[in-house]
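The block underneath contains the structure these notes are about, expressed in structure tokens.
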2 protein chains.
Amino acid sequence: MSLTQALLGLLAVEPASGYDLTKEFERDLGRYAWQAGHTSVYPELVRMAERGLVEVTQEGPRGRRTYSVTAEGREELRKWLLAPWGQGVVRNEQVLRMFLLEALEPEEAATALRGVVEYAERGANALRAHREHREVEPPEGRDVLGQLAAEYGLRQFQAMRDWALWALDHLNQRRKD
Amino acid sequence: MSLTQALLGLLAVEPASGYDLTKEFERDLGRYAWQAGHTSVYPELVRMAERGLVEVTQEGPRGRRTYSVTAEGREELRKWLLAPWGQGVVRNEQVLRMFLLEALEPEEAATALRGVVEYAERGANALRAHREHREVEPPEGRDVLGQLAAEYGLRQFQAMRDWALWALDHLNQRRKD
DNA sequence: CACTACATGTAAACTGTTACATGATTCA
DNA sequence: TGAATCATGTAACAGTTTACATGTAGTG
């Protein structure tokens, strides 16, 4: 289960509580890589602690428990990160929708594709603004992951926009035949 | 559940059996958009038929049943495709791994990132070869979806490569500080 | 006739989501 | 002191994967 690896990776960068980790999934990670709610995170942390991959290293107010990765956990993470690349789990509702626009009538498909272009441009612009703001205030600690995600997201949106423009062109070509 | 929409979309392009649909998930769709095994597909088709979204329009050898979308199913698909875009389900093990490389020691992270660059280049090259081959033999029917996927995949791999090169550069910058 | 690909299914185990539930701290 | 945020959890349900199971048609 990749949730284990995701938590291991986040905790390896910096110790955190289940609450912190959940917020991470709501932000960058959940946008481009992996989603998980707090109802998955908390029980998983308990299971991982039982397996010796993480441990509670601090307790704070409101029952807050800060987890850290153990040496064993770090080794497991390392193995996963350095393993050969194969076809992993992929599930992307937006991409699914993009592909299935094919099933619409050409007129409607074109309208929808123009919507994709707009959506991708909005996304890219927001990230470019975010990038400029970051040049003023450089990130630190866990925010570095946010930067990795933002840079990936920017390229992702550009790819989406390019694809939609190509698909529009392709659609027009076919309508002429 | 997006499996319903995925099946609806595939069947809207062309009627197919559960077996055919499963193969589609193993190929292009499962690579970039959505994965599903035959043990999900068959029961789902039965449920969808009960709801009146699809119907068996042909029976062939070996118990083969070809499903087609009903008018009701087509309408449901259309609604889903034309709905406003929001944050859909996202789950991508490769992207998760890319982001978490941050947790490795800089040396190892750099090695892994160079691996990402290579992987993305291999993927892009394979798709470019596929594209040239397609110029000789233009696709038809369901293969059009394969073409949409291939063009998306190509841009995806390019984005991945660009990101990994940026991340390598970024890593070197931080090592100097 | 053997092998491969076609073709469909069930059941148990596992994973993830939604709804429900509770209480503490901080800040205006 | 009221509201927002912090912080954690359980239980029922929904969805997915893995293992098991079976049989047919075509091809060399």
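By order of appearance in the structure tokens: chains A, B, ..., then residues from 1 within every chain, and ligands from 1 in the order shown.
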
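If you count only C-alpha atoms (C1' of nucleotides) and ignore residues fewer than 6 places along the chain from A:Gln156, what sits within 9 Å of it is A:Tyr32, A:Ala120, A:Ala124, B:Arg155, B:Gln156, B:Ala159, B:Met160.
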
Please write the residues from the selection above to a file, keeping N, CA, C and O atoms, as an mmCIF file, in the first residue's frame.
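The resulting file, again-v3.cif, is reproduced below:
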data_model
loop_
_atom_site.group_PDB
_atom_site.id
_atom_site.type_symbol
_atom_site.label_atom_id
_atom_site.label_comp_id
_atom_site.auth_asym_id
_atom_site.auth_seq_id
_atom_site.Cartn_x
_atom_site.Cartn_y
_atom_site.Cartn_z
ATOM 1 N N TYR A 32 -1.519 16.183 -6.885
ATOM 2 C CA TYR A 32 -0.781 15.572 -7.998
ATOM 3 C C TYR A 32 -0.363 14.124 -7.797
ATOM 4 O O TYR A 32 -0.065 13.437 -8.763
ATOM 5 N N ALA A 120 -6.426 24.520 -17.736
ATOM 6 C CA ALA A 120 -4.984 24.281 -17.621
ATOM 7 C C ALA A 120 -4.229 25.605 -17.551
ATOM 8 O O ALA A 120 -3.261 25.739 -16.800
ATOM 9 N N ALA A 124 -1.853 26.799 -14.515
ATOM 10 C CA ALA A 124 -0.452 27.146 -14.745
ATOM 11 C C ALA A 124 -0.156 28.568 -14.262
ATOM 12 O O ALA A 124 0.870 28.808 -13.619
ATOM 13 N N ARG B 155 3.450 13.940 -23.964
ATOM 14 C CA ARG B 155 3.613 15.234 -23.283
ATOM 15 C C ARG B 155 3.869 15.040 -21.784
ATOM 16 O O ARG B 155 4.605 15.810 -21.161
ATOM 17 N N GLN B 156 3.261 14.011 -21.238
ATOM 18 C CA GLN B 156 3.436 13.658 -19.842
ATOM 19 C C GLN B 156 4.889 13.285 -19.547
ATOM 20 O O GLN B 156 5.486 13.740 -18.574
ATOM 21 N N ALA B 159 7.085 16.288 -19.666
ATOM 22 C CA ALA B 159 6.927 17.086 -18.440
ATOM 23 C C ALA B 159 7.716 16.451 -17.301
ATOM 24 O O ALA B 159 8.375 17.138 -16.518
ATOM 25 N N MET B 160 7.665 15.128 -17.229
ATOM 26 C CA MET B 160 8.367 14.397 -16.185
ATOM 27 C C MET B 160 9.879 14.608 -16.322
ATOM 28 O O MET B 160 10.574 14.877 -15.340
#

List as JSON lines every residue of chain B that is in contact with chain D, defined as an atom at most 8 Å from one of its atoms (using only C-alpha atoms (C1' of nucleotides)), together with the nearest atom pair and the distance in Å rounded to one decimal, sorted by chain and then rising number.
{"residue": "B:Ser40", "atom": "CA", "partner": "D:DT16", "partner_atom": "C1'", "distance": 7.4}
{"residue": "B:Pro61", "atom": "CA", "partner": "D:DA25", "partner_atom": "C1'", "distance": 7.6}
{"residue": "B:Arg62", "atom": "CA", "partner": "D:DT24", "partner_atom": "C1'", "distance": 5.0}

Select, as JSON, numbers by chain, those residues of chain A with any atom no more than 6 Å from chain B (distances computed using only C-alpha atoms).
{"A": [9, 12, 13, 33, 34, 88, 89, 90, 91, 92, 93, 95, 96, 100, 103, 152, 155, 159, 163]}

At a cut-off of 9 Å, list the chain C residues touching chain B, using only C-alpha atoms (C1' of nucleotides), as a ChimeraX atom specification.
/C:6-9

Please extract the residues of stretch 31-172 of chain B with a backbone DSSP assignment of strand (DSSP E or B) and present them as a VMD selection string.
chain B and resid 34 54 to 59 65 to 69 90 to 92

Selection from above, all heavy atoms, as a CSV table (one decimal), in the first residue's frame, can you write it?
chain,number,residue,atom,x,y,z
B,34,TRP,N,-7.0,5.4,-15.7
B,34,TRP,CA,-7.8,4.6,-14.8
B,34,TRP,C,-7.5,3.2,-14.9
B,34,TRP,O,-7.5,2.7,-16.0
B,34,TRP,CB,-9.3,4.9,-15.0
B,34,TRP,CG,-10.1,4.7,-13.7
B,34,TRP,CD1,-10.7,3.5,-13.3
B,34,TRP,CD2,-10.4,5.6,-12.7
B,34,TRP,NE1,-11.3,3.7,-12.1
B,34,TRP,CE2,-11.1,5.0,-11.7
B,34,TRP,CE3,-10.0,7.0,-12.5
B,34,TRP,CZ2,-11.5,5.6,-10.5
B,34,TRP,CZ3,-10.4,7.6,-11.4
B,34,TRP,CH2,-11.2,6.9,-10.4
B,54,VAL,N,-26.7,0.4,-19.7
B,54,VAL,CA,-26.2,-0.3,-20.9
B,54,VAL,C,-27.1,-1.5,-21.1
B,54,VAL,O,-27.9,-1.8,-20.3
B,54,VAL,CB,-24.7,-0.8,-20.6
B,54,VAL,CG1,-23.7,0.3,-20.4
B,54,VAL,CG2,-24.7,-1.7,-19.4
B,55,GLU,N,-26.9,-2.2,-22.2
B,55,GLU,CA,-27.7,-3.4,-22.5
B,55,GLU,C,-26.9,-4.4,-23.4
B,55,GLU,O,-26.0,-3.9,-24.1
B,55,GLU,CB,-29.0,-3.0,-23.2
B,55,GLU,CG,-28.8,-2.3,-24.5
B,55,GLU,CD,-30.1,-1.8,-25.1
B,55,GLU,OE1,-31.2,-2.3,-24.7
B,55,GLU,OE2,-30.0,-1.0,-26.0
B,56,VAL,N,-27.2,-5.6,-23.3
B,56,VAL,CA,-26.5,-6.6,-24.1
B,56,VAL,C,-27.2,-6.6,-25.5
B,56,VAL,O,-28.4,-6.8,-25.6
B,56,VAL,CB,-26.7,-8.0,-23.5
B,56,VAL,CG1,-26.0,-9.1,-24.4
B,56,VAL,CG2,-26.0,-8.1,-22.1
B,57,THR,N,-26.4,-6.3,-26.5
B,57,THR,CA,-26.9,-6.2,-27.8
B,57,THR,C,-26.5,-7.3,-28.8
B,57,THR,O,-26.9,-7.4,-29.9
B,57,THR,CB,-26.5,-4.9,-28.5
B,57,THR,OG1,-25.1,-4.7,-28.3
B,57,THR,CG2,-27.3,-3.7,-27.8
B,58,GLN,N,-25.6,-8.2,-28.2
B,58,GLN,CA,-25.1,-9.3,-29.1
B,58,GLN,C,-24.6,-10.4,-28.2
B,58,GLN,O,-23.9,-10.1,-27.2
B,58,GLN,CB,-24.0,-8.7,-30.0
B,58,GLN,CG,-24.2,-9.1,-31.4
B,58,GLN,CD,-22.9,-8.7,-32.2
B,58,GLN,OE1,-21.9,-9.3,-32.1
B,58,GLN,NE2,-23.1,-7.6,-32.9
B,59,GLU,N,-24.8,-11.6,-28.6
B,59,GLU,CA,-24.1,-12.7,-27.9
B,59,GLU,C,-23.3,-13.5,-28.9
B,59,GLU,O,-23.7,-13.7,-30.0
B,59,GLU,CB,-25.2,-13.6,-27.2
B,59,GLU,CG,-26.2,-12.8,-26.4
B,59,GLU,CD,-26.5,-13.5,-25.1
B,59,GLU,OE1,-26.1,-14.6,-24.8
B,59,GLU,OE2,-27.3,-12.8,-24.3
B,65,ARG,N,-20.7,-11.6,-24.4
B,65,ARG,CA,-21.8,-10.7,-24.4
B,65,ARG,C,-21.3,-9.3,-24.8
B,65,ARG,O,-20.5,-8.7,-24.0
B,65,ARG,CB,-22.6,-10.7,-23.1
B,65,ARG,CG,-23.8,-11.5,-23.1
B,65,ARG,CD,-24.3,-11.9,-21.7
B,65,ARG,NE,-23.2,-12.6,-21.1
B,65,ARG,CZ,-22.9,-12.6,-19.8
B,65,ARG,NH1,-23.6,-11.8,-19.0
B,65,ARG,NH2,-21.9,-13.3,-19.3
B,66,THR,N,-21.8,-8.7,-25.9
B,66,THR,CA,-21.4,-7.4,-26.3
B,66,THR,C,-22.4,-6.4,-25.7
B,66,THR,O,-23.6,-6.5,-25.9
B,66,THR,CB,-21.4,-7.3,-27.8
B,66,THR,OG1,-20.5,-8.3,-28.3
B,66,THR,CG2,-20.9,-5.9,-28.2
B,67,TYR,N,-21.9,-5.4,-25.0
B,67,TYR,CA,-22.8,-4.4,-24.4
B,67,TYR,C,-22.8,-3.1,-25.2
B,67,TYR,O,-21.7,-2.8,-25.9
B,67,TYR,CB,-22.2,-4.0,-23.0
B,67,TYR,CG,-22.5,-5.1,-21.9
B,67,TYR,CD1,-21.6,-6.1,-21.8
B,67,TYR,CD2,-23.6,-5.0,-21.1
B,67,TYR,CE1,-21.8,-7.1,-20.8
B,67,TYR,CE2,-23.8,-5.9,-20.1
B,67,TYR,CZ,-22.9,-7.0,-19.9
B,67,TYR,OH,-23.2,-7.9,-19.0
B,68,SER,N,-23.9,-2.4,-25.2
B,68,SER,CA,-24.0,-1.1,-25.9
B,68,SER,C,-24.6,-0.1,-24.9
B,68,SER,O,-25.3,-0.5,-23.9
B,68,SER,CB,-24.9,-1.2,-27.1
B,68,SER,OG,-24.4,-2.1,-28.0
B,69,VAL,N,-24.3,1.2,-25.1
B,69,VAL,CA,-24.9,2.2,-24.2
B,69,VAL,C,-26.3,2.4,-24.6
B,69,VAL,O,-26.6,2.5,-25.8
B,69,VAL,CB,-24.1,3.5,-24.3
B,69,VAL,CG1,-24.5,4.5,-23.2
B,69,VAL,CG2,-22.6,3.2,-24.2
B,90,VAL,N,-7.1,11.6,-7.6
B,90,VAL,CA,-5.8,11.5,-8.1
B,90,VAL,C,-5.0,10.5,-7.3
B,90,VAL,O,-5.0,10.6,-6.1
B,90,VAL,CB,-5.0,12.9,-8.1
B,90,VAL,CG1,-3.6,12.7,-8.5
B,90,VAL,CG2,-5.7,13.9,-8.9
B,91,ARG,N,-4.3,9.6,-8.1
B,91,ARG,CA,-3.5,8.6,-7.4
B,91,ARG,C,-2.5,8.2,-8.4
B,91,ARG,O,-2.8,7.6,-9.4
B,91,ARG,CB,-4.4,7.5,-7.0
B,91,ARG,CG,-3.8,6.6,-5.9
B,91,ARG,CD,-4.9,6.0,-5.1
B,91,ARG,NE,-5.2,6.9,-4.0
B,91,ARG,CZ,-6.1,6.5,-3.0
B,91,ARG,NH1,-6.7,5.4,-3.0
B,91,ARG,NH2,-6.3,7.4,-2.0
B,92,ASN,N,-1.2,8.5,-8.1
B,92,ASN,CA,-0.2,8.2,-9.1
B,92,ASN,C,1.1,7.9,-8.3
B,92,ASN,O,1.8,8.7,-7.8
B,92,ASN,CB,0.1,9.4,-10.0
B,92,ASN,CG,0.9,9.0,-11.2
B,92,ASN,OD1,1.9,8.3,-11.0
B,92,ASN,ND2,0.6,9.5,-12.4

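Reported to one decimal place, the separation of atom CA of B:Arg51 from atom CA of B:Gly37 is 21.3 Å.
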
For the atom pair atom CA of B:Arg175 and atom CA of A:His133, what is the interatomic distance in Å to one decimal place?
22.6 Å

Residues of chain A classed as helix (DSSP H, G or I) by DSSP on the backbone are to be reported as a PyMOL selection string.
chain A and resi 2-13+18-26+28-32+38-50+61-63+71-82+93-103+106-136+143-176

May I ask for the distance between atom CA of A:Ala71 and atom CA of B:Leu113, given in Å to one decimal place?
23.3 Å
